[in-house]
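> So here's data17.cif, just mmCIF, C-alpha atoms:
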data_input
loop_
_atom_site.group_PDB
_atom_site.id
_atom_site.type_symbol
_atom_site.label_atom_id
_atom_site.label_comp_id
_atom_site.auth_asym_id
_atom_site.auth_seq_id
_atom_site.Cartn_x
_atom_site.Cartn_y
_atom_site.Cartn_z
ATOM 1 C CA MET C 1 -10.723 2.059 -20.662
ATOM 2 C CA SER C 2 -12.099 -1.432 -21.204
ATOM 3 C CA SER C 3 -14.935 -2.782 -19.068
ATOM 4 C CA PHE C 4 -13.893 -3.410 -15.480
ATOM 5 C CA ARG C 5 -15.297 -3.649 -11.979
ATOM 6 C CA ILE C 6 -14.124 -2.990 -8.452
ATOM 7 C CA THR C 7 -14.465 -5.842 -5.972
ATOM 8 C CA GLN C 8 -13.557 -6.208 -2.330
ATOM 9 C CA GLY C 9 -10.552 -8.398 -1.697
ATOM 10 C CA PHE C 10 -8.622 -11.088 -3.526
ATOM 11 C CA THR C 11 -8.710 -14.873 -3.528
ATOM 12 C CA GLU C 12 -6.239 -17.291 -1.968
ATOM 13 C CA ALA C 13 -5.003 -18.151 -5.469
ATOM 14 C CA GLU C 14 -4.231 -14.462 -6.104
ATOM 15 C CA ARG C 15 -1.990 -13.996 -3.063
ATOM 16 C CA SER C 16 1.164 -14.512 -5.123
ATOM 17 C CA ILE C 17 0.045 -11.834 -7.612
ATOM 18 C CA VAL C 18 -0.680 -9.387 -4.788
ATOM 19 C CA ALA C 19 2.720 -10.093 -3.219
ATOM 20 C CA ALA C 20 4.530 -9.657 -6.550
ATOM 21 C CA LEU C 21 2.840 -6.328 -7.320
ATOM 22 C CA PHE C 22 3.525 -5.047 -3.811
ATOM 23 C CA TRP C 23 7.195 -6.048 -4.072
ATOM 24 C CA GLU C 24 7.521 -4.543 -7.553
ATOM 25 C CA ALA C 25 6.375 -1.196 -6.140
ATOM 26 C CA PHE C 26 8.195 -1.271 -2.799
ATOM 27 C CA GLY C 27 11.001 -3.805 -3.189
ATOM 28 C CA ALA C 28 13.712 -1.143 -3.337
ATOM 29 C CA LYS C 29 12.310 0.480 -0.209
ATOM 30 C CA LEU C 30 11.799 -2.752 1.713
ATOM 31 C CA SER C 31 14.703 -4.910 0.541
ATOM 32 C CA VAL C 32 16.769 -4.145 3.652
ATOM 33 C CA GLY C 33 13.882 -5.024 5.944
ATOM 34 C CA LEU C 34 12.316 -7.923 4.048
ATOM 35 C CA GLY C 35 14.915 -9.278 1.608
ATOM 36 C CA PRO C 36 15.896 -11.545 0.038
ATOM 37 C CA GLU C 37 13.138 -11.313 -2.575
ATOM 38 C CA ALA C 38 12.031 -14.960 -2.472
ATOM 39 C CA LYS C 39 11.415 -14.817 1.269
ATOM 40 C CA ALA C 40 9.855 -11.373 1.030
ATOM 41 C CA LEU C 41 7.332 -12.659 -1.511
ATOM 42 C CA LYS C 42 6.568 -15.622 0.734
ATOM 43 C CA PHE C 43 6.013 -13.318 3.723
ATOM 44 C CA LEU C 44 3.839 -10.842 1.793
ATOM 45 C CA ALA C 45 1.678 -13.594 0.311
ATOM 46 C CA ARG C 46 1.287 -15.087 3.786
ATOM 47 C CA VAL C 47 0.197 -11.914 5.612
ATOM 48 C CA ALA C 48 -1.767 -9.956 2.950
ATOM 49 C CA ASP C 49 -5.323 -9.398 4.200
ATOM 50 C CA PRO C 50 -8.022 -9.158 1.493
ATOM 51 C CA GLN C 51 -10.313 -7.211 3.832
ATOM 52 C CA PHE C 52 -8.094 -4.172 3.259
ATOM 53 C CA ALA C 53 -7.748 -4.268 -0.528
ATOM 54 C CA PRO C 54 -10.351 -3.124 -3.056
ATOM 55 C CA CYS C 55 -9.400 -4.709 -6.382
ATOM 56 C CA ALA C 56 -9.866 -3.799 -10.056
ATOM 57 C CA ARG C 57 -10.830 -6.664 -12.385
ATOM 58 C CA ASP C 58 -11.554 -6.970 -16.076
ATOM 59 C CA ALA C 59 -14.764 -8.386 -17.500
ATOM 60 C CA ASN C 60 -13.372 -11.913 -17.074
ATOM 61 C CA GLY C 61 -12.557 -11.355 -13.400
ATOM 62 C CA THR C 62 -8.780 -11.159 -13.929
ATOM 63 C CA LEU C 63 -7.032 -9.119 -11.249
ATOM 64 C CA LEU C 64 -5.638 -5.901 -12.780
ATOM 65 C CA GLY C 65 -4.690 -4.048 -9.623
ATOM 66 C CA PHE C 66 -5.552 -3.240 -6.041
ATOM 67 C CA ALA C 67 -5.191 -0.573 -3.394
ATOM 68 C CA GLY C 68 -4.162 -1.321 0.163
ATOM 69 C CA PHE C 69 -5.163 0.515 3.296
ATOM 70 C CA LYS C 70 -4.790 0.503 7.063
ATOM 71 C CA THR C 71 -7.239 1.405 9.831
ATOM 72 C CA SER C 72 -7.444 0.683 13.541
ATOM 73 C CA GLU C 73 -9.047 -2.641 12.545
ATOM 74 C CA GLY C 74 -6.033 -3.908 10.593
ATOM 75 C CA ALA C 75 -4.024 -3.469 7.404
ATOM 76 C CA LEU C 76 -3.291 -4.979 4.008
ATOM 77 C CA ILE C 77 0.174 -5.998 5.201
ATOM 78 C CA GLY C 78 0.407 -6.840 8.881
ATOM 79 C CA ASP C 79 3.824 -7.162 10.468
ATOM 80 C CA GLY C 80 3.127 -9.649 13.214
ATOM 81 C CA PHE C 81 6.319 -11.058 14.678
ATOM 82 C CA GLY C 82 5.005 -14.600 14.428
ATOM 83 C CA ASN C 83 4.695 -14.308 10.647
ATOM 84 C CA LEU C 84 8.169 -12.815 10.352
ATOM 85 C CA ARG C 85 9.593 -15.647 12.446
ATOM 86 C CA ALA C 86 7.779 -18.289 10.387
ATOM 87 C CA VAL C 87 9.489 -17.043 7.211
ATOM 88 C CA PHE C 88 12.831 -15.653 8.396
ATOM 89 C CA GLY C 89 13.532 -17.540 11.619
ATOM 90 C CA THR C 90 13.786 -16.003 15.086
ATOM 91 C CA LEU C 91 17.001 -14.026 14.609
ATOM 92 C CA GLY C 92 16.013 -12.864 11.140
ATOM 93 C CA ALA C 93 12.630 -11.777 12.450
ATOM 94 C CA ILE C 94 14.161 -9.742 15.281
ATOM 95 C CA CYS C 95 16.461 -7.877 12.880
ATOM 96 C CA ARG C 96 13.743 -7.270 10.310
ATOM 97 C CA ALA C 97 11.177 -6.120 12.873
ATOM 98 C CA ALA C 98 13.658 -3.517 14.110
ATOM 99 C CA LEU C 99 14.348 -2.251 10.580
ATOM 100 C CA LEU C 100 10.693 -2.196 9.546
ATOM 101 C CA SER C 101 9.774 -0.246 12.681
ATOM 102 C CA LEU C 102 11.768 2.665 11.223
ATOM 103 C CA LEU C 103 9.215 2.885 8.393
ATOM 104 C CA GLU C 104 6.138 2.481 10.583
ATOM 105 C CA ARG C 105 3.434 5.088 9.996
ATOM 106 C CA TYR C 106 1.116 5.587 12.915
ATOM 107 C CA LEU C 107 -2.606 6.044 12.538
ATOM 108 C CA LYS C 108 -4.410 9.145 13.673
ATOM 109 C CA ASN C 109 -8.061 9.052 14.661
ATOM 110 C CA GLU C 110 -10.522 9.136 11.752
ATOM 111 C CA THR C 111 -7.819 8.791 9.084
ATOM 112 C CA LEU C 112 -7.689 5.956 6.570
ATOM 113 C CA LEU C 113 -4.015 5.342 5.815
ATOM 114 C CA MET C 114 -3.207 3.952 2.374
ATOM 115 C CA ASP C 115 -0.502 1.382 1.733
ATOM 116 C CA GLY C 116 -0.364 2.235 -1.974
ATOM 117 C CA ILE C 117 -1.932 1.549 -5.351
ATOM 118 C CA PHE C 118 -0.682 -1.382 -7.414
ATOM 119 C CA VAL C 119 -1.616 -1.979 -11.063
ATOM 120 C CA THR C 120 -0.330 -4.696 -13.382
ATOM 121 C CA GLN C 121 2.082 -3.452 -16.029
ATOM 122 C CA ASN C 122 -0.231 -4.082 -18.983
ATOM 123 C CA ALA C 123 -3.080 -2.149 -17.320
ATOM 124 C CA ARG C 124 -1.182 1.028 -16.395
ATOM 125 C CA GLY C 125 -2.222 4.383 -17.814
ATOM 126 C CA MET C 126 -5.805 3.192 -18.346
ATOM 127 C CA GLY C 127 -7.500 4.855 -15.365
ATOM 128 C CA PHE C 128 -7.416 1.987 -12.900
ATOM 129 C CA GLY C 129 -5.363 3.993 -10.403
ATOM 130 C CA SER C 130 -8.035 6.694 -10.300
ATOM 131 C CA ALA C 131 -10.799 4.101 -9.944
ATOM 132 C CA LEU C 132 -8.996 2.456 -7.035
ATOM 133 C CA LEU C 133 -8.437 5.807 -5.319
ATOM 134 C CA GLN C 134 -12.155 6.484 -5.609
ATOM 135 C CA ALA C 135 -12.868 3.052 -4.126
ATOM 136 C CA ILE C 136 -10.601 3.929 -1.198
ATOM 137 C CA GLU C 137 -12.450 7.217 -0.707
ATOM 138 C CA ALA C 138 -15.767 5.334 -0.672
ATOM 139 C CA GLU C 139 -14.330 2.899 1.875
ATOM 140 C CA ALA C 140 -13.220 5.800 4.070
ATOM 141 C CA ASN C 141 -16.668 7.370 3.876
ATOM 142 C CA GLN C 142 -18.256 4.082 4.872
ATOM 143 C CA LYS C 143 -15.959 3.914 7.891
ATOM 144 C CA ASN C 144 -16.787 7.538 8.839
ATOM 145 C CA CYS C 145 -13.192 8.674 8.361
ATOM 146 C CA ARG C 146 -12.416 12.356 7.993
ATOM 147 C CA ASP C 147 -9.641 11.966 5.470
ATOM 148 C CA VAL C 148 -7.468 9.606 3.450
ATOM 149 C CA ARG C 149 -3.674 9.789 3.679
ATOM 150 C CA LEU C 150 -1.035 8.377 1.361
ATOM 151 C CA ASP C 151 2.684 8.937 1.942
ATOM 152 C CA VAL C 152 4.359 9.324 -1.451
ATOM 153 C CA ILE C 153 8.124 8.867 -1.657
ATOM 154 C CA ASP C 154 10.197 11.361 -3.620
ATOM 155 C CA ASN C 155 11.118 8.960 -6.428
ATOM 156 C CA ASN C 156 7.486 8.182 -7.326
ATOM 157 C CA PRO C 157 6.268 11.284 -9.220
ATOM 158 C CA ARG C 158 3.507 9.332 -11.001
ATOM 159 C CA ALA C 159 1.793 8.577 -7.682
ATOM 160 C CA HIS C 160 2.151 12.225 -6.676
ATOM 161 C CA GLU C 161 0.519 13.377 -9.927
ATOM 162 C CA LEU C 162 -2.291 10.820 -9.633
ATOM 163 C CA CYS C 163 -3.119 11.935 -6.099
ATOM 164 C CA GLU C 164 -3.159 15.602 -7.094
ATOM 165 C CA ARG C 165 -5.505 14.862 -10.011
ATOM 166 C CA GLU C 166 -7.869 13.127 -7.591
ATOM 167 C CA GLY C 167 -7.934 16.075 -5.190
ATOM 168 C CA PHE C 168 -5.259 15.085 -2.682
ATOM 169 C CA VAL C 169 -3.279 17.962 -1.180
ATOM 170 C CA ALA C 170 0.427 17.751 -0.385
ATOM 171 C CA GLY C 171 1.354 18.376 3.235
ATOM 172 C CA LYS C 172 4.232 17.635 5.557
ATOM 173 C CA VAL C 173 7.445 16.269 4.043
ATOM 174 C CA GLN C 174 9.373 13.786 6.159
ATOM 175 C CA MET C 175 13.111 13.612 5.458
ATOM 176 C CA LEU C 176 14.892 10.311 6.037
ATOM 177 C CA GLY C 177 18.356 11.764 6.549
ATOM 178 C CA PRO C 178 21.066 9.064 6.728
ATOM 179 C CA LEU C 179 18.400 6.334 6.522
ATOM 180 C CA LYS C 180 17.992 7.147 2.825
ATOM 181 C CA HIS C 181 20.995 4.929 2.149
ATOM 182 C CA PHE C 182 19.123 1.946 3.628
ATOM 183 C CA PHE C 183 15.715 2.507 2.071
ATOM 184 C CA GLY C 184 16.497 4.065 -1.317
ATOM 185 C CA PHE C 185 14.515 7.296 -1.015
ATOM 186 C CA SER C 186 15.199 10.661 0.605
ATOM 187 C CA SER C 187 11.788 11.933 1.666
ATOM 188 C CA ALA C 188 8.078 11.167 1.771
ATOM 189 C CA THR C 189 5.253 13.658 1.295
ATOM 190 C CA GLU C 190 1.934 13.294 3.117
ATOM 191 C CA MET C 191 -0.891 13.510 0.574
ATOM 192 C CA ARG C 192 -4.356 13.997 2.070
ATOM 193 C CA PHE C 193 -7.877 13.895 0.702
ATOM 194 C CA THR C 194 -10.552 15.420 2.939
ATOM 195 C CA LEU C 195 -13.882 13.665 2.573
ATOM 196 C CA HIS C 196 -16.725 15.959 1.546
ATOM 197 C CA SER C 197 -19.016 14.642 4.258
ATOM 198 C CA HIS C 198 -16.545 15.940 6.842
ATOM 199 C CA SER C 199 -15.288 19.094 5.143
#
With the file now loaded, output its structure as structure tokens.

Amino acid sequence: MSSFRITQGFTEAERSIVAALFWEAFGAKLSVGLGPEAKALKFLARVADPQFAPCARDANGTLLGFAGFKTSEGALIGDGFGNLRAVFGTLGAICRAALLSLLERYLKNETLLMDGIFVTQNARGMGFGSALLQAIEAEANQKNCRDVRLDVIDNNPRAHELCEREGFVAGKVQMLGPLKHFFGFSSATEMRFTLHSHS
């Protein structure tokens, strides 16, 4: 892997890149709740919070990827109604808030909840995903969390394999039932990493 570094957060100029990578990973899952794509990208760029995103950069500082997370203090992607309304209008925001609530994952005490790992296409398979997972684990330790959780959908085997390589253990599987037709996946598996300081 070429020389790289992990930094905290992204710049205002990088918001569009963050939004595009997030949509590339989750567009199929979120298209019903956040589509059409142009407005979804506008919303994601607007609400993305750099405080919740360790980033991987090359030696020149170019953004290669990031990981998002959620704690009781906030999240990479907030879903405030005001931001939805600003992009989609009042009626559109009401409908989308209702749909997105079906995907809401609730925090448990002392758990850092991941939003995902996102790496640019030309940097995949080079170890950045593992480096970002380790940065998330360090963040969780700093916040005195007991574990890190990532919900991996059934049509993302690469994420499942990455988590297992990094010591995450598969747990409860949540089935979507009829909602799979809206969101494009059938189930999600809870992957957990217990921090050594709390094991």
> Per residue of region 105-162 of chain C within 10 Å of region 75-88 of chain C, note the shortest atom pair and the distance in Å to one decimal, counting all atoms listed in the file, and order the rows by chain and increasing residue number, as a Markdown table.

| residue | atom | partner | partner_atom | distance |
| --- | --- | --- | --- | --- |
| C:Leu113 | CA | C:Ala75 | CA | 9.0 |
| C:Met114 | CA | C:Ala75 | CA | 9.0 |
| C:Asp115 | CA | C:Leu76 | CA | 7.3 |
| C:Gly116 | CA | C:Leu76 | CA | 9.8 |
> Filtering to C-alpha atoms, could you give me those residues as an mmCIF file, keeping the file's coordinate frame?

data_model
loop_
_atom_site.group_PDB
_atom_site.id
_atom_site.type_symbol
_atom_site.label_atom_id
_atom_site.label_comp_id
_atom_site.auth_asym_id
_atom_site.auth_seq_id
_atom_site.Cartn_x
_atom_site.Cartn_y
_atom_site.Cartn_z
ATOM 1 C CA LEU C 113 -4.015 5.342 5.815
ATOM 2 C CA MET C 114 -3.207 3.952 2.374
ATOM 3 C CA ASP C 115 -0.502 1.382 1.733
ATOM 4 C CA GLY C 116 -0.364 2.235 -1.974
#
> Using only C-alpha atoms, determine which residues lie at most 10 Å from Lys172 (chain C), disregarding the query and same-chain residues fewer than 6 positions distant; provide the list as a PDB file with C-alpha atoms, in the frame of the given file.

ATOM      1  CA  ASP C 151       2.684   8.937   1.942  1.00  0.00           C
ATOM      2  CA  ALA C 188       8.078  11.167   1.771  1.00  0.00           C
ATOM      3  CA  THR C 189       5.253  13.658   1.295  1.00  0.00           C
ATOM      4  CA  GLU C 190       1.934  13.294   3.117  1.00  0.00           C
ATOM      5  CA  MET C 191      -0.891  13.510   0.574  1.00  0.00           C
ATOM      6  CA  ARG C 192      -4.356  13.997   2.070  1.00  0.00           C
TER       7      ARG C 192
END
> Taking the file as shown, what set of residues would the PyMOL selection byres ((chain C and resi 120) around 9) give back, as a PyMOL selection string?
chain C and resi 21+63-65+118-119+121-124
> Which residues fall under the PyMOL selection byres ((chain C and resi 140) around 10) in this file, as number ranges by chain?
C: 69, 71, 110-113, 134-139, 141-148, 195
> I would like the residues chosen by the PyMOL selection byres ((chain C and resi 12) around 10) on the shown file; could you give them as a list of chain:residue names?
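For this structure, the PyMOL selection byres ((chain C and resi 12) around 10) captures C:Gly9, C:Phe10, C:Thr11, C:Ala13, C:Glu14, C:Arg15, C:Ser16, C:Ala45, C:Arg46, C:Ala48, C:Pro50.
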> Counting all atoms listed in the file, which residues sit no farther than 8 Å from the position (11.1, 16.0, 0.1) in the file's frame? I'd like them as a ChimeraX atom specification.
/C:153-154,173-175,186-189
> Grab the CA of Leu176 (chain C) to CA of Leu103 (chain C) distance for me, in Å with one decimal place.
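Between CA of Leu176 (chain C) and CA of Leu103 (chain C) the gap works out to 9.6 Å.
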> Go ahead and fit an axis-aligned box to every listed atom of region 99-108 of chain C plus 6 Å each side, and pass me the centre and edge lengths in Å, one decimal, as AutoDock Vina command-line options.

--center_x 5.0 --center_y 3.4 --center_z 11.0 --size_x 30.8 --size_y 23.4 --size_z 17.3
> Give me the residues near Pro36 (chain C) as a VMD selection string, where near means some atom within 12 Å (using only C-alpha atoms) and where sequence neighbours in that chain fewer than 6 positions away do not count.
chain C and resid 23 27 to 28 30 42 to 43 87 to 88 92 96
> With distances taken over all atoms listed in the file, which of C:Gln51, C:Gln8, C:Thr90, C:Asn60 is nearest to Leu132 (chain C)?
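Comparing C:Gln51, C:Gln8, C:Thr90, C:Asn60 against Leu132 (chain C), the winner is C:Gln8.
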> Could you state the separation of CA of Lys108 (chain C) and CA of His160 (chain C) in Å, given to one decimal place?
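If I compute the distance from CA of Lys108 (chain C) to CA of His160 (chain C), I get 21.6 Å.
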> By how many Å are CA of Ser130 (chain C) and CA of Asp49 (chain C) apart?
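Here the two named atoms are 21.8 Å from each other.
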> Using all atoms listed in the file, which of C:Pro178, C:Leu150, C:Ala67, C:Ala98 sits nearest Ile117 (chain C)?
C:Ala67
> My list of candidates is C:Phe185, C:Ser101, C:Gly129, C:Gly61. Which is closest to Glu161 (chain C) when distances are computed with all atoms listed in the file?
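Between C:Phe185, C:Ser101, C:Gly129, C:Gly61, the residue approaching Glu161 (chain C) most closely is C:Gly129.
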